[in-house]
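This is work_8.cif (mmCIF, C-alpha atoms).
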```
data_query
#
loop_
_atom_site.label_atom_id
_atom_site.label_comp_id
_atom_site.auth_asym_id
_atom_site.auth_seq_id
_atom_site.Cartn_x
_atom_site.Cartn_y
_atom_site.Cartn_z
CA MET A 20 -14.17 123.55 10.79
CA PRO A 21 -10.51 123.76 11.89
CA GLU A 22 -8.87 127.05 12.74
CA PHE A 23 -8.72 129.84 10.20
CA THR A 24 -6.99 133.07 11.10
CA SER A 25 -8.10 136.11 9.15
CA ARG A 26 -5.71 138.78 7.92
CA ARG A 27 -7.14 141.87 6.33
CA GLY A 28 -5.36 143.01 3.20
CA LEU A 29 -6.22 143.74 -0.39
CA LEU A 30 -9.88 142.93 -0.98
CA PHE A 31 -11.03 140.67 -3.79
CA GLY A 32 -14.36 139.03 -4.51
CA THR A 33 -14.93 135.28 -4.49
CA ALA A 34 -13.83 134.80 -8.08
CA ALA A 35 -10.30 133.49 -8.47
CA VAL A 36 -7.64 136.06 -9.23
CA GLY A 37 -4.72 135.75 -11.56
CA ALA A 38 -6.36 135.11 -14.91
CA GLY A 39 -7.48 138.64 -15.72
CA ALA A 40 -6.89 140.68 -18.83
CA PHE A 41 -3.80 142.74 -19.54
CA LEU A 42 -3.86 146.26 -18.21
CA ALA A 43 -5.05 149.37 -19.98
CA GLY A 44 -3.00 151.20 -22.58
CA CYS A 45 -0.31 153.79 -22.07
CA THR A 46 -0.52 157.57 -22.07
CA SER A 47 0.90 159.82 -24.74
CA ASN A 48 3.65 161.33 -22.58
CA GLU A 49 5.41 158.08 -21.70
CA SER A 50 9.15 157.84 -22.00
CA LYS A 51 10.26 155.33 -24.61
CA ASP A 52 12.64 153.93 -22.02
CA GLU A 53 9.78 153.06 -19.66
CA PRO A 54 7.57 150.01 -20.11
CA ALA A 55 4.07 150.74 -21.35
CA ALA A 56 1.30 149.72 -18.97
CA ASN A 57 0.00 147.09 -21.35
CA ASP A 58 3.48 145.58 -21.59
CA GLN A 59 3.53 144.73 -17.89
CA PRO A 60 3.81 140.99 -17.34
CA ALA A 61 0.36 140.14 -15.96
CA ALA A 62 -0.66 136.50 -15.74
CA ASP A 63 -3.26 135.28 -18.22
CA ASP A 64 -4.55 131.97 -19.57
CA LYS A 65 -1.98 131.68 -22.34
CA PRO A 66 0.60 128.91 -21.82
CA GLY A 67 3.93 130.14 -20.51
CA LYS A 68 6.89 128.88 -18.54
CA GLN A 69 6.32 125.47 -16.99
CA VAL A 70 5.71 125.70 -13.24
CA THR A 71 5.64 122.86 -10.71
CA ILE A 72 3.47 123.77 -7.73
CA GLY A 73 3.63 121.80 -4.50
CA PHE A 74 0.34 121.78 -2.57
CA ALA A 75 0.16 120.74 1.08
CA GLY A 76 -3.02 120.96 3.12
CA PRO A 77 -4.57 119.31 6.17
CA GLN A 78 -6.74 116.22 6.12
CA ALA A 79 -10.01 116.84 4.28
CA ASP A 80 -12.20 115.92 7.26
CA HIS A 81 -14.66 118.75 6.69
CA GLY A 82 -16.67 119.70 3.61
CA TRP A 83 -14.86 123.02 3.31
CA LEU A 84 -11.41 121.41 3.43
CA ASN A 85 -12.40 118.84 0.82
CA ALA A 86 -13.54 121.71 -1.39
CA ILE A 87 -10.16 123.39 -0.87
CA ASN A 88 -8.42 120.33 -2.34
CA ASP A 89 -10.91 120.04 -5.20
CA ASN A 90 -10.51 123.72 -6.10
CA ALA A 91 -6.73 123.44 -6.16
CA LYS A 92 -6.78 120.33 -8.35
CA SER A 93 -9.35 121.61 -10.83
CA ARG A 94 -7.61 124.97 -11.16
CA ALA A 95 -4.25 123.36 -11.85
CA LYS A 96 -5.80 121.21 -14.59
CA LYS A 97 -6.89 124.39 -16.34
CA TYR A 98 -3.28 125.26 -17.15
CA SER A 99 -1.14 123.20 -19.54
CA ASP A 100 1.96 124.85 -18.04
CA VAL A 101 1.24 123.76 -14.42
CA THR A 102 2.23 120.50 -12.77
CA LEU A 103 0.63 119.99 -9.34
CA GLU A 104 2.41 117.91 -6.73
CA ILE A 105 -0.23 117.42 -4.02
CA THR A 106 0.28 115.70 -0.66
CA GLU A 107 -2.16 113.33 0.98
CA GLY A 108 -3.01 115.86 3.68
CA SER A 109 -2.68 115.44 7.42
CA ASN A 110 -3.80 117.04 10.67
CA ASP A 111 -0.64 115.73 12.33
CA THR A 112 1.79 118.65 12.25
CA ALA A 113 4.90 116.46 12.19
CA GLN A 114 3.54 114.48 9.26
CA GLN A 115 2.59 117.61 7.34
CA ILE A 116 6.03 119.10 7.97
CA GLY A 117 7.55 115.92 6.55
CA GLN A 118 5.32 116.14 3.48
CA ILE A 119 6.35 119.76 2.87
CA GLU A 120 10.03 118.90 3.33
CA THR A 121 9.60 116.21 0.66
CA LEU A 122 8.23 118.86 -1.70
CA ILE A 123 11.17 121.13 -0.84
CA ASN A 124 13.59 118.29 -1.63
CA LYS A 125 11.82 117.77 -4.96
CA LYS A 126 12.67 121.42 -5.70
CA VAL A 127 9.16 122.45 -6.72
CA ASP A 128 8.99 125.98 -8.11
CA VAL A 129 6.35 127.30 -5.70
CA LEU A 130 4.65 125.94 -2.60
CA VAL A 131 1.00 126.44 -1.62
CA ILE A 132 0.53 125.56 2.04
CA LEU A 133 -2.64 125.45 4.11
CA PRO A 134 -1.10 124.48 7.44
CA ALA A 135 -2.91 122.27 9.94
CA ASP A 136 -1.44 124.68 12.51
CA GLY A 137 0.02 127.96 11.28
CA LYS A 138 2.24 128.47 14.33
CA ALA A 139 3.60 124.92 14.31
CA LEU A 140 4.43 124.99 10.59
CA THR A 141 6.04 128.41 10.49
CA GLN A 142 9.55 126.97 10.55
CA VAL A 143 8.99 124.77 7.50
CA GLY A 144 7.58 127.80 5.67
CA LEU A 145 10.78 129.65 6.55
CA LYS A 146 12.82 126.65 5.38
CA ALA A 147 11.15 126.73 1.97
CA MET A 148 11.62 130.47 1.58
CA ARG A 149 15.30 130.20 2.55
CA ALA A 150 15.68 127.42 -0.01
CA GLY A 151 14.49 129.83 -2.68
CA ILE A 152 11.00 128.31 -3.00
CA PRO A 153 8.36 131.04 -2.58
CA VAL A 154 5.35 130.11 -0.45
CA ILE A 155 1.70 130.99 -0.93
CA ASN A 156 0.29 130.74 2.61
CA LEU A 157 -3.35 129.71 2.32
CA ASP A 158 -5.78 130.88 5.02
CA ARG A 159 -4.24 129.72 8.33
CA ILE A 160 -1.43 132.16 8.69
CA PHE A 161 2.18 131.54 9.67
CA ASN A 162 3.60 133.46 12.63
CA THR A 163 5.82 135.66 10.49
CA PRO A 164 5.54 137.17 7.01
CA GLN A 165 9.09 135.91 6.41
CA ALA A 166 7.60 132.41 6.06
CA TYR A 167 5.53 133.30 2.99
CA ARG A 168 5.62 135.46 -0.12
CA CYS A 169 1.85 135.95 -0.26
CA TRP A 170 -1.00 135.20 2.12
CA ILE A 171 -4.53 134.61 0.81
CA GLY A 172 -7.52 133.73 2.93
CA GLY A 173 -10.97 134.51 4.22
CA ASP A 174 -12.32 137.19 6.52
CA ASN A 175 -13.85 135.75 9.67
CA TYR A 176 -14.66 139.14 11.15
CA GLY A 177 -16.27 140.09 7.84
CA MET A 178 -18.46 136.97 7.98
CA GLY A 179 -19.92 138.04 11.30
CA LEU A 180 -20.20 141.66 10.19
CA ASN A 181 -22.10 140.84 7.01
CA ALA A 182 -24.32 138.27 8.74
CA GLY A 183 -25.21 140.88 11.35
CA HIS A 184 -25.98 143.55 8.79
CA TYR A 185 -28.15 141.16 6.75
CA ILE A 186 -30.17 140.21 9.83
CA GLY A 187 -30.26 143.82 10.98
CA GLU A 188 -31.73 145.02 7.71
CA LYS A 189 -34.35 142.26 7.74
CA LEU A 190 -35.42 143.15 11.28
CA LYS A 191 -34.92 146.91 11.35
CA GLY A 192 -38.66 147.58 11.21
CA LYS A 193 -39.39 145.29 14.16
CA SER A 194 -39.30 146.62 17.73
CA ASP A 195 -37.61 144.57 20.45
CA ALA A 196 -36.26 142.02 17.97
CA LYS A 197 -34.30 139.10 19.43
CA VAL A 198 -31.48 137.15 17.80
CA ILE A 199 -29.46 134.11 18.84
CA GLU A 200 -26.09 132.78 17.70
CA LEU A 201 -24.87 129.22 17.11
CA ALA A 202 -21.11 129.65 17.10
CA GLY A 203 -18.23 127.31 16.34
CA LEU A 204 -15.49 126.08 18.67
CA ASP A 205 -14.89 128.78 21.26
CA ASN A 206 -11.19 127.97 21.64
CA LEU A 207 -10.53 129.03 18.04
CA GLU A 208 -9.61 132.60 17.16
CA LEU A 209 -11.84 132.44 14.09
CA THR A 210 -14.90 131.87 16.25
CA LYS A 211 -14.08 134.91 18.37
CA GLN A 212 -13.61 136.99 15.21
CA ARG A 213 -16.93 135.88 13.73
CA THR A 214 -18.75 136.67 16.96
CA GLN A 215 -17.04 140.05 17.26
CA GLY A 216 -18.05 141.01 13.73
CA PHE A 217 -21.63 139.93 14.39
CA ASP A 218 -21.81 141.91 17.64
CA ASP A 219 -20.29 145.01 16.01
CA ALA A 220 -22.86 144.90 13.21
CA LEU A 221 -25.76 144.59 15.64
CA LYS A 222 -24.65 147.79 17.37
CA ASN A 223 -26.05 149.61 14.33
CA TYR A 224 -29.55 148.31 15.11
CA PRO A 225 -30.71 149.47 18.55
CA ASN A 226 -34.00 147.58 18.13
CA ILE A 227 -32.16 144.23 18.13
CA LYS A 228 -30.85 142.35 21.15
CA LYS A 229 -28.79 139.15 21.12
CA VAL A 230 -30.43 137.01 23.79
CA ALA A 231 -28.47 133.75 23.54
CA ARG A 232 -25.26 132.25 22.20
CA GLN A 233 -24.21 128.60 22.11
CA ALA A 234 -20.90 127.19 20.90
CA ALA A 235 -20.91 124.04 18.76
CA GLU A 236 -18.04 122.12 17.13
CA PHE A 237 -18.42 122.57 13.35
CA THR A 238 -20.03 119.13 13.05
CA VAL A 239 -23.53 118.00 12.10
CA GLU A 240 -23.96 116.20 15.43
CA SER A 241 -22.92 119.17 17.56
CA GLY A 242 -25.08 121.50 15.48
CA GLN A 243 -28.15 119.37 16.13
CA SER A 244 -27.43 118.97 19.85
CA LYS A 245 -26.60 122.62 20.58
CA MET A 246 -29.46 123.93 18.45
CA SER A 247 -31.89 121.72 20.37
CA GLN A 248 -30.65 123.32 23.59
CA LEU A 249 -31.10 126.81 22.18
CA LEU A 250 -34.63 126.06 21.00
CA GLN A 251 -35.59 124.69 24.41
CA ALA A 252 -34.15 127.74 26.17
CA GLN A 253 -35.56 130.36 23.76
CA SER A 254 -39.28 130.03 23.14
CA LYS A 255 -39.34 133.03 20.83
CA PHE A 256 -36.72 134.85 18.75
CA ASP A 257 -36.57 136.48 15.34
CA ALA A 258 -33.26 135.41 13.78
CA LEU A 259 -30.41 132.93 14.13
CA TRP A 260 -26.87 133.19 12.86
CA ASN A 261 -25.08 129.87 12.54
CA HIS A 262 -21.32 130.11 11.96
CA ASP A 263 -20.94 127.03 9.77
CA ASP A 264 -23.09 125.31 7.15
CA ASP A 265 -21.87 121.80 8.06
CA GLN A 266 -23.08 122.17 11.65
CA GLY A 267 -26.06 123.96 10.13
CA VAL A 268 -27.26 120.64 8.68
CA GLY A 269 -27.69 119.42 12.24
CA ALA A 270 -29.19 122.71 13.36
CA LEU A 271 -31.84 122.49 10.64
CA ARG A 272 -32.68 118.94 11.75
CA ALA A 273 -33.25 120.17 15.30
CA ILE A 274 -35.38 123.06 14.03
CA GLU A 275 -37.51 120.71 11.93
CA GLN A 276 -37.92 118.26 14.81
CA ALA A 277 -39.07 121.13 17.04
CA GLY A 278 -41.56 122.27 14.42
CA ARG A 279 -40.20 125.80 14.49
CA ASP A 280 -40.51 128.17 11.53
CA ASP A 281 -41.03 131.50 13.29
CA PHE A 282 -37.58 133.01 12.61
CA LEU A 283 -35.04 133.48 9.84
CA MET A 284 -31.65 131.77 9.77
CA VAL A 285 -28.35 132.85 8.23
CA GLY A 286 -25.58 130.29 7.74
CA GLY A 287 -21.86 130.52 7.13
CA ALA A 288 -19.21 129.22 4.68
CA GLY A 289 -21.20 128.35 1.53
CA ALA A 290 -22.17 124.65 1.46
CA LEU A 291 -24.11 123.33 -1.51
CA SER A 292 -26.85 122.06 0.80
CA ALA A 293 -27.28 125.59 2.16
CA PHE A 294 -27.49 127.05 -1.35
CA GLN A 295 -30.09 124.46 -2.32
CA ALA A 296 -32.20 125.17 0.77
CA ILE A 297 -31.99 128.92 0.13
CA LYS A 298 -33.06 128.44 -3.48
CA LYS A 299 -35.96 126.20 -2.48
CA GLY A 300 -37.07 128.92 -0.10
CA ASP A 301 -39.53 126.94 2.02
CA GLY A 302 -37.51 126.79 5.24
CA VAL A 303 -35.99 129.11 7.82
CA LEU A 304 -32.58 129.29 6.10
CA LYS A 305 -32.68 132.47 4.03
CA ALA A 306 -28.99 133.28 3.47
CA THR A 307 -25.42 132.19 4.11
CA VAL A 308 -22.24 134.25 4.40
CA LEU A 309 -19.31 132.97 2.36
CA TYR A 310 -15.91 131.76 3.46
CA PRO A 311 -15.07 130.78 -0.11
CA PRO A 312 -13.03 127.62 -0.78
CA THR A 313 -12.32 129.16 -4.20
CA MET A 314 -9.37 130.73 -2.38
CA ALA A 315 -7.47 127.52 -3.20
CA ALA A 316 -8.03 128.09 -6.92
CA SER A 317 -6.84 131.65 -6.49
CA ALA A 318 -3.77 130.37 -4.64
CA ILE A 319 -2.91 128.22 -7.68
CA ASP A 320 -3.31 131.27 -9.92
CA LEU A 321 -1.01 133.26 -7.66
CA ALA A 322 1.55 130.45 -7.48
CA ARG A 323 1.57 130.14 -11.29
CA ALA A 324 2.03 133.90 -11.70
CA LEU A 325 4.81 133.86 -9.12
CA GLY A 326 6.56 130.94 -10.80
CA GLN A 327 6.41 132.73 -14.14
CA GLY A 328 7.58 136.03 -12.72
CA LYS A 329 4.31 137.79 -13.48
CA GLY A 330 1.87 140.01 -11.68
CA VAL A 331 -1.89 139.80 -11.29
CA GLY A 332 -4.08 140.69 -14.25
CA GLY A 333 -6.02 143.90 -13.71
CA MET A 334 -3.40 145.40 -11.39
CA ALA A 335 -0.64 147.85 -12.23
CA GLU A 336 2.11 146.21 -10.19
CA PHE A 337 4.70 143.87 -11.69
CA GLU A 338 4.39 141.51 -8.70
CA ILE A 339 1.60 139.63 -6.99
CA PRO A 340 0.35 141.25 -3.74
CA ALA A 341 1.73 140.39 -0.31
CA SER A 342 -1.72 139.57 1.06
CA ILE A 343 -5.26 139.11 -0.22
CA THR A 344 -8.36 138.93 1.97
CA LEU A 345 -11.44 137.52 0.27
CA TYR A 346 -14.80 139.18 0.71
CA SER A 347 -17.52 137.43 2.75
CA ALA A 348 -20.43 137.85 0.36
CA VAL A 349 -23.98 137.22 1.51
CA VAL A 350 -25.81 134.69 -0.64
CA ASP A 351 -29.61 134.73 -0.55
CA LYS A 352 -32.40 133.84 -2.96
CA ASP A 353 -31.61 136.86 -5.14
CA ASN A 354 -28.07 135.74 -6.06
CA VAL A 355 -27.85 132.05 -5.12
CA ASP A 356 -27.77 130.87 -8.74
CA GLN A 357 -24.56 132.86 -9.28
CA TYR A 358 -22.80 130.99 -6.46
CA MET A 359 -24.33 127.53 -6.83
CA SER A 360 -21.31 126.11 -8.69
CA THR A 361 -19.00 127.10 -5.80
CA GLY A 362 -21.00 125.24 -3.14
CA PHE A 363 -19.13 122.46 -1.35
CA GLN A 364 -20.49 119.14 -0.10
#
```
Since I need it in another form, could you write the structure as structure tokens?
Amino acid sequence: MPEFTSRRGLLFGTAAVGAGAFLAGCTSNESKDEPAANDQPAADDKPGKQVTIGFAGPQADHGWLNAINDNAKSRAKKYSDVTLEITEGSNDTAQQIGQIETLINKKVDVLVILPADGKALTQVGLKAMRAGIPVINLDRIFNTPQAYRCWIGGDNYGMGLNAGHYIGEKLKGKSDAKVIELAGLDNLELTKQRTQGFDDALKNYPNIKKVARQAAEFTVESGQSKMSQLLQAQSKFDALWNHDDDQGVGALRAIEQAGRDDFLMVGGAGALSAFQAIKKGDGVLKATVLYPPTMAASAIDLARALGQGKGVGGMAEFEIPASITLYSAVVDKDNVDQYMSTGFQ
């Protein structure tokens, strides 16, 4: 999975925001000159002002990124007042900048941008904002808040934290428990954040020791190769946290080939294959920690609200927030049916 930089802000669950109900009624001592709470312009599903949203993301070369595009498209189709102008997607920063500049020249009302490289695309974000086109910065963050009106994305530290707590609770009755970690690309900040969260969570469980860590590359092939190395080096352990469900497909192949079933595994991101394995319940994979691609649907909701000059349903403010960090929910057999429809392939 390419780089995702987490920014903690207002917490929301995995459900898309922006389509909530109008706010609660007013109190009896309101001034007639002041707007009643239920008169505040919160976005809802009713058709309103037509909004053209430009969407620019990287190449969908990973299941999660493909799900990002699918979520954006399907959410836009929900609204009769939204026109979505979506680019082809590119991992070449110069090409993506050119695609965004084309959208700026088309004078779209709002831009949703998931940059291939947040730092490299900061200037084009600034260009859009200076041209009067507000930007919803999706997940990989620009270098300055001046380049976007609202940031929405996942919580990499929270992924590690919740994975660690889940494993910790499962093993808290076991003395001298051992865990291992199959991480992502070590040169990415997101990988460091996920590992830091995991390590911080494990500090709450003095009976657990992390005995090995191996970095993979967010691919099936690297997951299989690096997991094989871990299994050869560690003859016995109690739990594994794998940072990414795509590389987890390879990890599970290596585990099956080794004939190992003496530990529990927690994945990351929320792939459909992981959900299906968790529901089946006959393998080592018992849970996965979400990095929800539904954030793209929420970004469309936010862009629509912004284009119509509205706030977010369920909140008192007239405006959409400046930043939203999604929660990294743990999905296991108890709640997997709730999340099955959000799983990506």
Item to check | Atomic separation - atom CA of Thr163 of chain A relative to atom CA of Ala113 of chain A, Å | outcome: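 Between these atoms lies a distance of 19.3 Å.
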Residue IDs satisfying the PyMOL selection byres ((chain A and resi 259) around 8), as a PDB file with C-alpha atoms, in the coordinates of the input:
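Result saved to selection_26.pdb:
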```pdb
ATOM      1  CA  VAL A 198     -31.480 137.150  17.800  1.00  0.00           C
ATOM      2  CA  ILE A 199     -29.460 134.110  18.840  1.00  0.00           C
ATOM      3  CA  GLU A 200     -26.090 132.780  17.700  1.00  0.00           C
ATOM      4  CA  LEU A 201     -24.870 129.220  17.110  1.00  0.00           C
ATOM      5  CA  ASP A 257     -36.570 136.480  15.340  1.00  0.00           C
ATOM      6  CA  ALA A 258     -33.260 135.410  13.780  1.00  0.00           C
ATOM      7  CA  TRP A 260     -26.870 133.190  12.860  1.00  0.00           C
ATOM      8  CA  ASN A 261     -25.080 129.870  12.540  1.00  0.00           C
ATOM      9  CA  PHE A 282     -37.580 133.010  12.610  1.00  0.00           C
ATOM     10  CA  LEU A 283     -35.040 133.480   9.840  1.00  0.00           C
ATOM     11  CA  MET A 284     -31.650 131.770   9.770  1.00  0.00           C
ATOM     12  CA  VAL A 285     -28.350 132.850   8.230  1.00  0.00           C
TER      13      VAL A 285
END
```
Hits from the PyMOL selection byres ((chain A and resi 184-190) around 9), listed as a CSV table (one decimal) with C-alpha atoms, keeping the file's coordinate frame:
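Result went into result13.csv, see below:
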```csv
chain,number,residue,atom,x,y,z
A,179,GLY,CA,-19.9,138.0,11.3
A,180,LEU,CA,-20.2,141.7,10.2
A,181,ASN,CA,-22.1,140.8,7.0
A,182,ALA,CA,-24.3,138.3,8.7
A,183,GLY,CA,-25.2,140.9,11.4
A,191,LYS,CA,-34.9,146.9,11.4
A,192,GLY,CA,-38.7,147.6,11.2
A,193,LYS,CA,-39.4,145.3,14.2
A,194,SER,CA,-39.3,146.6,17.7
A,196,ALA,CA,-36.3,142.0,18.0
A,198,VAL,CA,-31.5,137.2,17.8
A,217,PHE,CA,-21.6,139.9,14.4
A,220,ALA,CA,-22.9,144.9,13.2
A,221,LEU,CA,-25.8,144.6,15.6
A,223,ASN,CA,-26.0,149.6,14.3
A,224,TYR,CA,-29.6,148.3,15.1
A,226,ASN,CA,-34.0,147.6,18.1
A,227,ILE,CA,-32.2,144.2,18.1
A,257,ASP,CA,-36.6,136.5,15.3
A,258,ALA,CA,-33.3,135.4,13.8
A,259,LEU,CA,-30.4,132.9,14.1
A,260,TRP,CA,-26.9,133.2,12.9
A,283,LEU,CA,-35.0,133.5,9.8
A,284,MET,CA,-31.6,131.8,9.8
A,285,VAL,CA,-28.4,132.8,8.2
A,306,ALA,CA,-29.0,133.3,3.5
A,349,VAL,CA,-24.0,137.2,1.5
```
Item to check | Cut-off 7 Å around (-20.9, 126.4, 9.0) with only C-alpha atoms: residues as a list of chain:residue names | outcome: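 Selection result: A:Phe237, A:Asn261, A:His262, A:Asp263, A:Asp264, A:Asp265, A:Gln266, A:Gly267, A:Gly286, A:Gly287, A:Ala288.
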Next on the checklist: Going by the chain IDs and residue numbers used in this file, which residues fall under the PyMOL selection byres ((chain A and resi 294) around 9)? Write them as JSON, numbers by chain.
Outcome noted: {"A": [289, 290, 291, 292, 293, 295, 296, 297, 298, 299, 306, 307, 350, 351, 352, 355, 356, 358, 359, 362]}
Checklist entry - How far is it from atom CA of Asp89 of chain A to atom CA of Pro153 of chain A, in Å with one decimal? => result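 Straight-line distance from atom CA of Asp89 of chain A to atom CA of Pro153 of chain A works out to 22.3 Å.
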Checklist outcome for this item: Using only C-alpha atoms, the residue out of A:Asn206, A:Thr106, A:Gln276, A:Gln364 with shortest distance to Val131 of chain A is A:Thr106
Checklist entry - Just how far from atom CA of Ala75 of chain A is atom CA of Glu104 of chain A, in Å to one decimal? => result 8.6 Å
Next on the checklist: Can you tell me which residues surround Pro164 of chain A at a distance of at most 10 Å, considering only C-alpha atoms, apart from same-chain residues fewer than 4 positions away, and format the answer as a VMD selection string?
Outcome noted: chain A and resid 141 144 to 145 156 160 168 to 170 341 to 342
Next on the checklist: My list of candidates is A:Lys255, A:Lys68, A:Lys211, A:Lys305. Which is closest to Thr102 of chain A when distances are computed with all atoms listed in the file?
Outcome noted: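 Comparing A:Lys255, A:Lys68, A:Lys211, A:Lys305 against Thr102 of chain A, the winner is A:Lys68.
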